[in-house]
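Containing mmCIF, N, CA and C atoms: query.cif.
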data_structure
loop_
_atom_site.group_PDB
_atom_site.id
_atom_site.type_symbol
_atom_site.label_atom_id
_atom_site.label_comp_id
_atom_site.auth_asym_id
_atom_site.auth_seq_id
_atom_site.Cartn_x
_atom_site.Cartn_y
_atom_site.Cartn_z
ATOM 1 N N MET A 23 0.850 -1.155 0.000
ATOM 2 C CA MET A 23 0.000 0.000 0.000
ATOM 3 C C MET A 23 0.906 1.231 0.000
ATOM 4 N N ASN A 24 0.627 2.163 -0.863
ATOM 5 C CA ASN A 24 1.404 3.402 -0.940
ATOM 6 C C ASN A 24 0.633 4.503 -0.218
ATOM 7 N N PHE A 25 0.998 4.757 1.042
ATOM 8 C CA PHE A 25 0.249 5.770 1.782
ATOM 9 C C PHE A 25 0.721 7.184 1.491
ATOM 10 N N LYS A 26 1.584 7.344 0.488
ATOM 11 C CA LYS A 26 1.898 8.678 -0.016
ATOM 12 C C LYS A 26 0.821 9.143 -0.999
ATOM 13 N N LYS A 27 0.010 8.210 -1.454
ATOM 14 C CA LYS A 27 -1.105 8.501 -2.359
ATOM 15 C C LYS A 27 -2.391 8.642 -1.545
ATOM 16 N N PRO A 28 -3.313 9.496 -1.974
ATOM 17 C CA PRO A 28 -4.555 9.702 -1.209
ATOM 18 C C PRO A 28 -5.326 8.410 -0.924
ATOM 19 N N LYS A 29 -5.424 7.512 -1.891
ATOM 20 C CA LYS A 29 -6.174 6.266 -1.679
ATOM 21 C C LYS A 29 -5.484 5.395 -0.634
ATOM 22 N N GLY A 30 -4.159 5.319 -0.675
ATOM 23 C CA GLY A 30 -3.423 4.549 0.317
ATOM 24 C C GLY A 30 -3.593 5.120 1.715
ATOM 25 N N LEU A 31 -3.564 6.445 1.829
ATOM 26 C CA LEU A 31 -3.761 7.105 3.121
ATOM 27 C C LEU A 31 -5.168 6.835 3.649
ATOM 28 N N GLU A 32 -6.146 6.857 2.751
ATOM 29 C CA GLU A 32 -7.525 6.569 3.141
ATOM 30 C C GLU A 32 -7.649 5.134 3.681
ATOM 31 N N ILE A 33 -7.023 4.182 2.995
ATOM 32 C CA ILE A 33 -7.062 2.788 3.439
ATOM 33 C C ILE A 33 -6.378 2.641 4.792
ATOM 34 N N LEU A 34 -5.246 3.297 4.966
ATOM 35 C CA LEU A 34 -4.538 3.207 6.247
ATOM 36 C C LEU A 34 -5.360 3.817 7.375
ATOM 37 N N HIS A 35 -6.039 4.922 7.122
ATOM 38 C CA HIS A 35 -6.906 5.517 8.148
ATOM 39 C C HIS A 35 -8.051 4.567 8.507
ATOM 40 N N GLN A 36 -8.567 3.825 7.520
ATOM 41 C CA GLN A 36 -9.617 2.839 7.805
ATOM 42 C C GLN A 36 -9.080 1.725 8.708
ATOM 43 N N LEU A 37 -7.837 1.307 8.463
ATOM 44 C CA LEU A 37 -7.216 0.288 9.315
ATOM 45 C C LEU A 37 -6.968 0.823 10.724
ATOM 46 N N VAL A 38 -6.499 2.060 10.813
ATOM 47 C CA VAL A 38 -6.245 2.694 12.116
ATOM 48 C C VAL A 38 -7.541 2.783 12.928
ATOM 49 N N ALA A 39 -8.640 3.048 12.261
ATOM 50 C CA ALA A 39 -9.928 3.168 12.951
ATOM 51 C C ALA A 39 -10.312 1.868 13.662
ATOM 52 N N LYS A 40 -9.839 0.732 13.135
ATOM 53 C CA LYS A 40 -10.180 -0.574 13.707
ATOM 54 C C LYS A 40 -9.062 -1.156 14.571
ATOM 55 N N ALA A 41 -7.903 -0.525 14.578
ATOM 56 C CA ALA A 41 -6.724 -1.091 15.245
ATOM 57 C C ALA A 41 -6.701 -0.793 16.745
ATOM 58 N N ASP A 42 -6.001 -1.637 17.479
ATOM 59 C CA ASP A 42 -5.720 -1.387 18.885
ATOM 60 C C ASP A 42 -4.355 -0.730 19.041
ATOM 61 N N VAL A 43 -3.385 -1.173 18.216
ATOM 62 C CA VAL A 43 -1.998 -0.722 18.332
ATOM 63 C C VAL A 43 -1.439 -0.426 16.948
ATOM 64 N N LEU A 44 -0.672 0.664 16.838
ATOM 65 C CA LEU A 44 0.086 0.971 15.633
ATOM 66 C C LEU A 44 1.545 1.112 16.047
ATOM 67 N N VAL A 45 2.434 0.347 15.400
ATOM 68 C CA VAL A 45 3.867 0.411 15.674
ATOM 69 C C VAL A 45 4.552 0.880 14.401
ATOM 70 N N GLU A 46 5.369 1.930 14.510
ATOM 71 C CA GLU A 46 6.084 2.443 13.338
ATOM 72 C C GLU A 46 7.545 2.664 13.685
ATOM 73 N N ASN A 47 8.400 2.616 12.640
ATOM 74 C CA ASN A 47 9.825 2.831 12.885
ATOM 75 C C ASN A 47 10.435 3.788 11.867
ATOM 76 N N PHE A 48 9.680 4.806 11.511
ATOM 77 C CA PHE A 48 10.193 5.854 10.639
ATOM 78 C C PHE A 48 11.011 6.853 11.464
ATOM 79 N N LEU A 49 11.791 7.683 10.784
ATOM 80 C CA LEU A 49 12.506 8.747 11.480
ATOM 81 C C LEU A 49 11.498 9.669 12.153
ATOM 82 N N PRO A 50 11.838 10.239 13.310
ATOM 83 C CA PRO A 50 10.907 11.134 14.001
ATOM 84 C C PRO A 50 10.416 12.250 13.088
ATOM 85 N N GLY A 51 9.106 12.446 13.078
ATOM 86 C CA GLY A 51 8.494 13.511 12.293
ATOM 87 C C GLY A 51 8.079 13.105 10.893
ATOM 88 N N LYS A 52 8.574 11.975 10.383
ATOM 89 C CA LYS A 52 8.262 11.565 9.006
ATOM 90 C C LYS A 52 6.770 11.298 8.830
ATOM 91 N N LEU A 53 6.186 10.506 9.715
ATOM 92 C CA LEU A 53 4.763 10.214 9.568
ATOM 93 C C LEU A 53 3.902 11.434 9.843
ATOM 94 N N ASP A 54 4.349 12.315 10.732
ATOM 95 C CA ASP A 54 3.617 13.576 10.950
ATOM 96 C C ASP A 54 3.502 14.344 9.635
ATOM 97 N N SER A 55 4.581 14.369 8.863
ATOM 98 C CA SER A 55 4.588 15.118 7.605
ATOM 99 C C SER A 55 3.697 14.471 6.553
ATOM 100 N N MET A 56 3.319 13.210 6.761
ATOM 101 C CA MET A 56 2.488 12.490 5.801
ATOM 102 C C MET A 56 1.033 12.358 6.267
ATOM 103 N N GLY A 57 0.700 12.993 7.399
ATOM 104 C CA GLY A 57 -0.660 12.897 7.914
ATOM 105 C C GLY A 57 -0.929 11.616 8.685
ATOM 106 N N LEU A 58 0.146 10.986 9.195
ATOM 107 C CA LEU A 58 -0.008 9.728 9.921
ATOM 108 C C LEU A 58 0.639 9.766 11.300
ATOM 109 N N GLY A 59 0.887 10.949 11.830
ATOM 110 C CA GLY A 59 1.450 11.076 13.163
ATOM 111 C C GLY A 59 0.413 10.744 14.216
ATOM 112 N N TYR A 60 0.837 10.754 15.472
ATOM 113 C CA TYR A 60 -0.098 10.441 16.555
ATOM 114 C C TYR A 60 -1.321 11.359 16.562
ATOM 115 N N PRO A 61 -1.169 12.670 16.384
ATOM 116 C CA PRO A 61 -2.373 13.512 16.385
ATOM 117 C C PRO A 61 -3.378 13.115 15.298
ATOM 118 N N ASP A 62 -2.872 12.766 14.121
ATOM 119 C CA ASP A 62 -3.751 12.369 13.013
ATOM 120 C C ASP A 62 -4.443 11.040 13.307
ATOM 121 N N CYS A 63 -3.662 10.066 13.758
ATOM 122 C CA CYS A 63 -4.208 8.734 14.004
ATOM 123 C C CYS A 63 -5.137 8.706 15.207
ATOM 124 N N SER A 64 -4.818 9.462 16.249
ATOM 125 C CA SER A 64 -5.696 9.474 17.421
ATOM 126 C C SER A 64 -7.009 10.202 17.127
ATOM 127 N N ALA A 65 -7.001 11.089 16.129
ATOM 128 C CA ALA A 65 -8.251 11.725 15.715
ATOM 129 C C ALA A 65 -9.173 10.711 15.042
ATOM 130 N N VAL A 66 -8.594 9.701 14.415
ATOM 131 C CA VAL A 66 -9.360 8.640 13.762
ATOM 132 C C VAL A 66 -9.790 7.589 14.785
ATOM 133 N N ASN A 67 -8.923 7.321 15.786
ATOM 134 C CA ASN A 67 -9.188 6.290 16.787
ATOM 135 C C ASN A 67 -8.591 6.749 18.119
ATOM 136 N N ASP A 68 -9.415 7.269 19.002
ATOM 137 C CA ASP A 68 -8.913 7.821 20.263
ATOM 138 C C ASP A 68 -8.473 6.750 21.260
ATOM 139 N N ARG A 69 -8.703 5.472 20.957
ATOM 140 C CA ARG A 69 -8.256 4.370 21.823
ATOM 141 C C ARG A 69 -6.910 3.807 21.369
ATOM 142 N N LEU A 70 -6.385 4.293 20.268
ATOM 143 C CA LEU A 70 -5.192 3.732 19.644
ATOM 144 C C LEU A 70 -3.951 3.878 20.526
ATOM 145 N N ILE A 71 -3.201 2.800 20.641
ATOM 146 C CA ILE A 71 -1.871 2.845 21.249
ATOM 147 C C ILE A 71 -0.896 3.011 20.093
ATOM 148 N N TYR A 72 -0.132 4.092 20.096
ATOM 149 C CA TYR A 72 0.764 4.466 18.990
ATOM 150 C C TYR A 72 2.196 4.376 19.492
ATOM 151 N N ALA A 73 2.960 3.422 18.968
ATOM 152 C CA ALA A 73 4.339 3.214 19.407
ATOM 153 C C ALA A 73 5.293 3.580 18.280
ATOM 154 N N SER A 74 6.219 4.484 18.562
ATOM 155 C CA SER A 74 7.246 4.886 17.607
ATOM 156 C C SER A 74 8.571 4.297 18.056
ATOM 157 N N ILE A 75 9.207 3.539 17.177
ATOM 158 C CA ILE A 75 10.480 2.905 17.490
ATOM 159 C C ILE A 75 11.557 3.551 16.626
ATOM 160 N N THR A 76 12.579 4.117 17.263
ATOM 161 C CA THR A 76 13.702 4.709 16.531
ATOM 162 C C THR A 76 14.980 4.141 17.108
ATOM 163 N N GLY A 77 15.763 3.488 16.275
ATOM 164 C CA GLY A 77 16.970 2.854 16.795
ATOM 165 C C GLY A 77 16.577 1.847 17.851
ATOM 166 N N THR A 78 16.943 2.098 19.074
ATOM 167 C CA THR A 78 16.542 1.219 20.173
ATOM 168 C C THR A 78 15.750 2.007 21.204
ATOM 169 N N SER A 79 14.954 2.931 20.727
ATOM 170 C CA SER A 79 14.116 3.757 21.592
ATOM 171 C C SER A 79 12.662 3.498 21.244
ATOM 172 N N VAL A 80 11.783 3.589 22.219
ATOM 173 C CA VAL A 80 10.361 3.409 21.978
ATOM 174 C C VAL A 80 9.619 4.587 22.593
ATOM 175 N N LEU A 81 8.709 5.186 21.823
ATOM 176 C CA LEU A 81 7.832 6.229 22.338
ATOM 177 C C LEU A 81 6.413 5.720 22.246
ATOM 178 N N LEU A 82 5.756 5.578 23.388
ATOM 179 C CA LEU A 82 4.342 5.232 23.408
ATOM 180 C C LEU A 82 3.578 6.537 23.521
ATOM 181 N N ALA A 83 2.974 6.950 22.423
ATOM 182 C CA ALA A 83 2.376 8.274 22.359
ATOM 183 C C ALA A 83 0.946 8.313 22.862
ATOM 184 N N SER A 84 0.330 7.158 23.079
ATOM 185 C CA SER A 84 -1.034 7.189 23.576
ATOM 186 C C SER A 84 -1.013 7.685 25.016
ATOM 187 N N PRO A 85 -2.026 8.420 25.431
ATOM 188 C CA PRO A 85 -2.011 9.017 26.772
ATOM 189 C C PRO A 85 -1.895 7.969 27.860
ATOM 190 N N PRO A 86 -1.069 8.119 28.881
ATOM 191 C CA PRO A 86 -0.063 9.179 28.962
ATOM 192 C C PRO A 86 1.136 8.824 28.095
ATOM 193 N N SER A 87 1.792 9.817 27.558
ATOM 194 C CA SER A 87 2.941 9.618 26.686
ATOM 195 C C SER A 87 4.137 9.121 27.490
ATOM 196 N N VAL A 88 4.779 8.066 26.992
ATOM 197 C CA VAL A 88 5.937 7.476 27.670
ATOM 198 C C VAL A 88 7.053 7.334 26.653
ATOM 199 N N ASP A 89 8.245 7.840 26.955
ATOM 200 C CA ASP A 89 9.403 7.712 26.073
ATOM 201 C C ASP A 89 10.420 6.826 26.783
ATOM 202 N N ILE A 90 10.738 5.683 26.180
ATOM 203 C CA ILE A 90 11.670 4.739 26.775
ATOM 204 C C ILE A 90 12.901 4.668 25.873
ATOM 205 N N ASP A 91 14.035 5.177 26.335
ATOM 206 C CA ASP A 91 15.285 5.094 25.579
ATOM 207 C C ASP A 91 16.142 3.997 26.177
ATOM 208 N N PHE A 92 16.551 3.039 25.348
ATOM 209 C CA PHE A 92 17.437 1.988 25.814
ATOM 210 C C PHE A 92 18.872 2.432 25.589
ATOM 211 N N LEU A 93 19.330 2.525 24.362
ATOM 212 C CA LEU A 93 20.591 3.173 24.050
ATOM 213 C C LEU A 93 20.554 3.810 22.690
ATOM 214 N N GLY A 94 19.370 3.948 22.159
ATOM 215 C CA GLY A 94 19.215 4.500 20.816
ATOM 216 C C GLY A 94 19.112 6.001 20.806
ATOM 217 N N TYR A 95 18.677 6.516 19.694
ATOM 218 C CA TYR A 95 18.661 7.947 19.462
ATOM 219 C C TYR A 95 17.437 8.631 20.052
ATOM 220 N N GLY A 96 16.315 7.968 20.069
ATOM 221 C CA GLY A 96 15.114 8.541 20.650
ATOM 222 C C GLY A 96 14.451 9.585 19.768
ATOM 223 N N GLN A 97 13.418 10.196 20.295
ATOM 224 C CA GLN A 97 12.614 11.167 19.573
ATOM 225 C C GLN A 97 13.158 12.582 19.688
ATOM 226 N N THR A 98 13.969 12.847 20.708
ATOM 227 C CA THR A 98 14.373 14.228 20.975
ATOM 228 C C THR A 98 15.871 14.436 21.119
ATOM 229 N N GLY A 99 16.669 13.387 21.063
ATOM 230 C CA GLY A 99 18.107 13.502 21.289
ATOM 231 C C GLY A 99 18.846 14.158 20.129
ATOM 232 N N PRO A 100 20.143 14.384 20.292
ATOM 233 C CA PRO A 100 20.920 15.060 19.256
ATOM 234 C C PRO A 100 21.020 14.264 17.956
ATOM 235 N N TYR A 101 20.817 12.951 17.998
ATOM 236 C CA TYR A 101 20.885 12.110 16.797
ATOM 237 C C TYR A 101 19.499 11.645 16.350
ATOM 238 N N ARG A 102 18.453 12.343 16.770
ATOM 239 C CA ARG A 102 17.081 11.913 16.490
ATOM 240 C C ARG A 102 16.771 11.764 15.004
ATOM 241 N N THR A 103 17.497 12.463 14.129
ATOM 242 C CA THR A 103 17.222 12.349 12.694
ATOM 243 C C THR A 103 18.075 11.279 12.025
ATOM 244 N N ALA A 104 18.927 10.600 12.792
ATOM 245 C CA ALA A 104 19.759 9.528 12.239
ATOM 246 C C ALA A 104 18.999 8.209 12.307
ATOM 247 N N ALA A 105 19.136 7.407 11.263
ATOM 248 C CA ALA A 105 18.509 6.090 11.263
ATOM 249 C C ALA A 105 19.312 5.161 12.169
ATOM 250 N N GLY A 106 18.643 4.429 13.020
ATOM 251 C CA GLY A 106 19.323 3.542 13.962
ATOM 252 C C GLY A 106 19.202 2.086 13.562
ATOM 253 N N TYR A 107 19.890 1.694 12.528
ATOM 254 C CA TYR A 107 19.844 0.305 12.077
ATOM 255 C C TYR A 107 20.791 -0.551 12.907
ATOM 256 N N ASP A 108 20.575 -1.852 12.901
ATOM 257 C CA ASP A 108 21.325 -2.792 13.713
ATOM 258 C C ASP A 108 22.831 -2.598 13.572
ATOM 259 N N VAL A 109 23.323 -2.549 12.353
ATOM 260 C CA VAL A 109 24.765 -2.457 12.143
ATOM 261 C C VAL A 109 25.327 -1.128 12.671
ATOM 262 N N VAL A 110 24.547 -0.073 12.607
ATOM 263 C CA VAL A 110 24.982 1.229 13.120
ATOM 264 C C VAL A 110 25.099 1.169 14.645
ATOM 265 N N ILE A 111 24.080 0.626 15.293
ATOM 266 C CA ILE A 111 24.081 0.520 16.755
ATOM 267 C C ILE A 111 25.229 -0.386 17.216
ATOM 268 N N GLU A 112 25.449 -1.505 16.494
ATOM 269 C CA GLU A 112 26.556 -2.393 16.856
ATOM 270 C C GLU A 112 27.895 -1.663 16.779
ATOM 271 N N GLY A 113 28.084 -0.871 15.722
ATOM 272 C CA GLY A 113 29.336 -0.110 15.571
ATOM 273 C C GLY A 113 29.519 0.901 16.678
ATOM 274 N N GLU A 114 28.476 1.627 17.014
ATOM 275 C CA GLU A 114 28.579 2.636 18.061
ATOM 276 C C GLU A 114 28.788 2.015 19.445
ATOM 277 N N ALA A 115 28.255 0.817 19.634
ATOM 278 C CA ALA A 115 28.393 0.148 20.922
ATOM 279 C C ALA A 115 29.704 -0.629 21.036
ATOM 280 N N GLY A 116 30.474 -0.675 19.945
ATOM 281 C CA GLY A 116 31.748 -1.400 19.967
ATOM 282 C C GLY A 116 31.601 -2.900 19.824
ATOM 283 N N LEU A 117 30.490 -3.349 19.274
ATOM 284 C CA LEU A 117 30.252 -4.792 19.156
ATOM 285 C C LEU A 117 30.659 -5.357 17.805
ATOM 286 N N MET A 118 31.050 -4.527 16.852
ATOM 287 C CA MET A 118 31.347 -5.029 15.505
ATOM 288 C C MET A 118 32.633 -5.835 15.454
ATOM 289 N N HIS A 119 33.501 -5.658 16.411
ATOM 290 C CA HIS A 119 34.769 -6.392 16.393
ATOM 291 C C HIS A 119 34.610 -7.833 16.858
ATOM 292 N N MET A 120 33.481 -8.170 17.428
ATOM 293 C CA MET A 120 33.268 -9.522 17.985
ATOM 294 C C MET A 120 32.954 -10.513 16.893
#

Output the file's structure in the form of C-alpha cells.
Amino acid sequence: MNFKKPKGLEILHQLVAKADVLVENFLPGKLDSMGLGYPDCSAVNDRLIYASITGTSVLLASPPSVDIDFLGYGQTGPYRTAAGYDVVIEGEAGLMHM
C-alpha cells in the first residue's frame, strides 16, 4: 500500500480506525509530515496505542505519553534524525569487532 497517495492514506486511516496498536519505525516527524502522526491517528481512533520505534528507543504516544530510551537515538536527542539500524548501533556500541 502506498500511503503517499490519497487512496493509500484513506485505506490506512480505515485500518487505524479498527486497530488497537500501531507500531512504526520511521525517522521522528516523518509520519507527521504524511498525515499519519499520533495527532492524526488518534483523531481517527482515540483508543489507539501508537508506538514509535527509533533505533533502540520506543515512544508510546497514547495518553499518557511514555518515552523509553534503551541506548538509541530517541525522539528528541541530538541524533534523532539519524537512522538507527542494527549495524549502526553495533558499531557505536563497539560490538562489531566480535

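Put simply, atom C of A:Ala41 is 29.0 Å away from atom CA of A:Gly99.
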
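Nearest to A:Ala104 of all the residues A:Val38, A:Met118, A:Leu31, A:Leu49 is A:Leu49, counting only C-alpha atoms.
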
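Among the candidates A:Leu37, A:Val43, A:Met23, A:Val109, the one nearest to A:Arg69 when counting only N, CA and C atoms is A:Val43.
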
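Of the listed residues (A:Lys29, A:Leu34, A:Met56, A:Pro50), A:Pro50 comes nearest to A:Tyr101; the distances count only C-alpha atoms.
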
Practice problem: Measuring atom to atom with only N, CA and C atoms, identify which of A:Phe25, A:Arg102, A:Leu117, A:Ala39 is nearest to A:Gly51. | Solution: A:Arg102

Self-check item: Matched chain/residue IDs from the PyMOL selection byres (((chain A and resi 47 and name CA) around 9) and name CA), as JSON, numbers by chain
Solution: {"A": [45, 46, 48, 49, 50, 73, 74, 75, 76, 77]}

Quiz item: So which one's closest to A:Asn67, A:His35, A:Pro28, A:Gly116, A:Ser55? Using all atoms listed in the file, please.
Solution: A:His35

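Computed from the coordinates, the atom C of A:Tyr72 to atom CA of A:Tyr60 distance equals 7.1 Å.
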
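Reported to one decimal place, the separation of atom CA of A:Asp42 from atom CA of A:Ile71 is 6.2 Å.
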
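Closest approach to A:Gly57 from the set A:Ala115, A:Lys26, A:Pro100, A:Val110 is made by A:Lys26, with distances taken over only C-alpha atoms.
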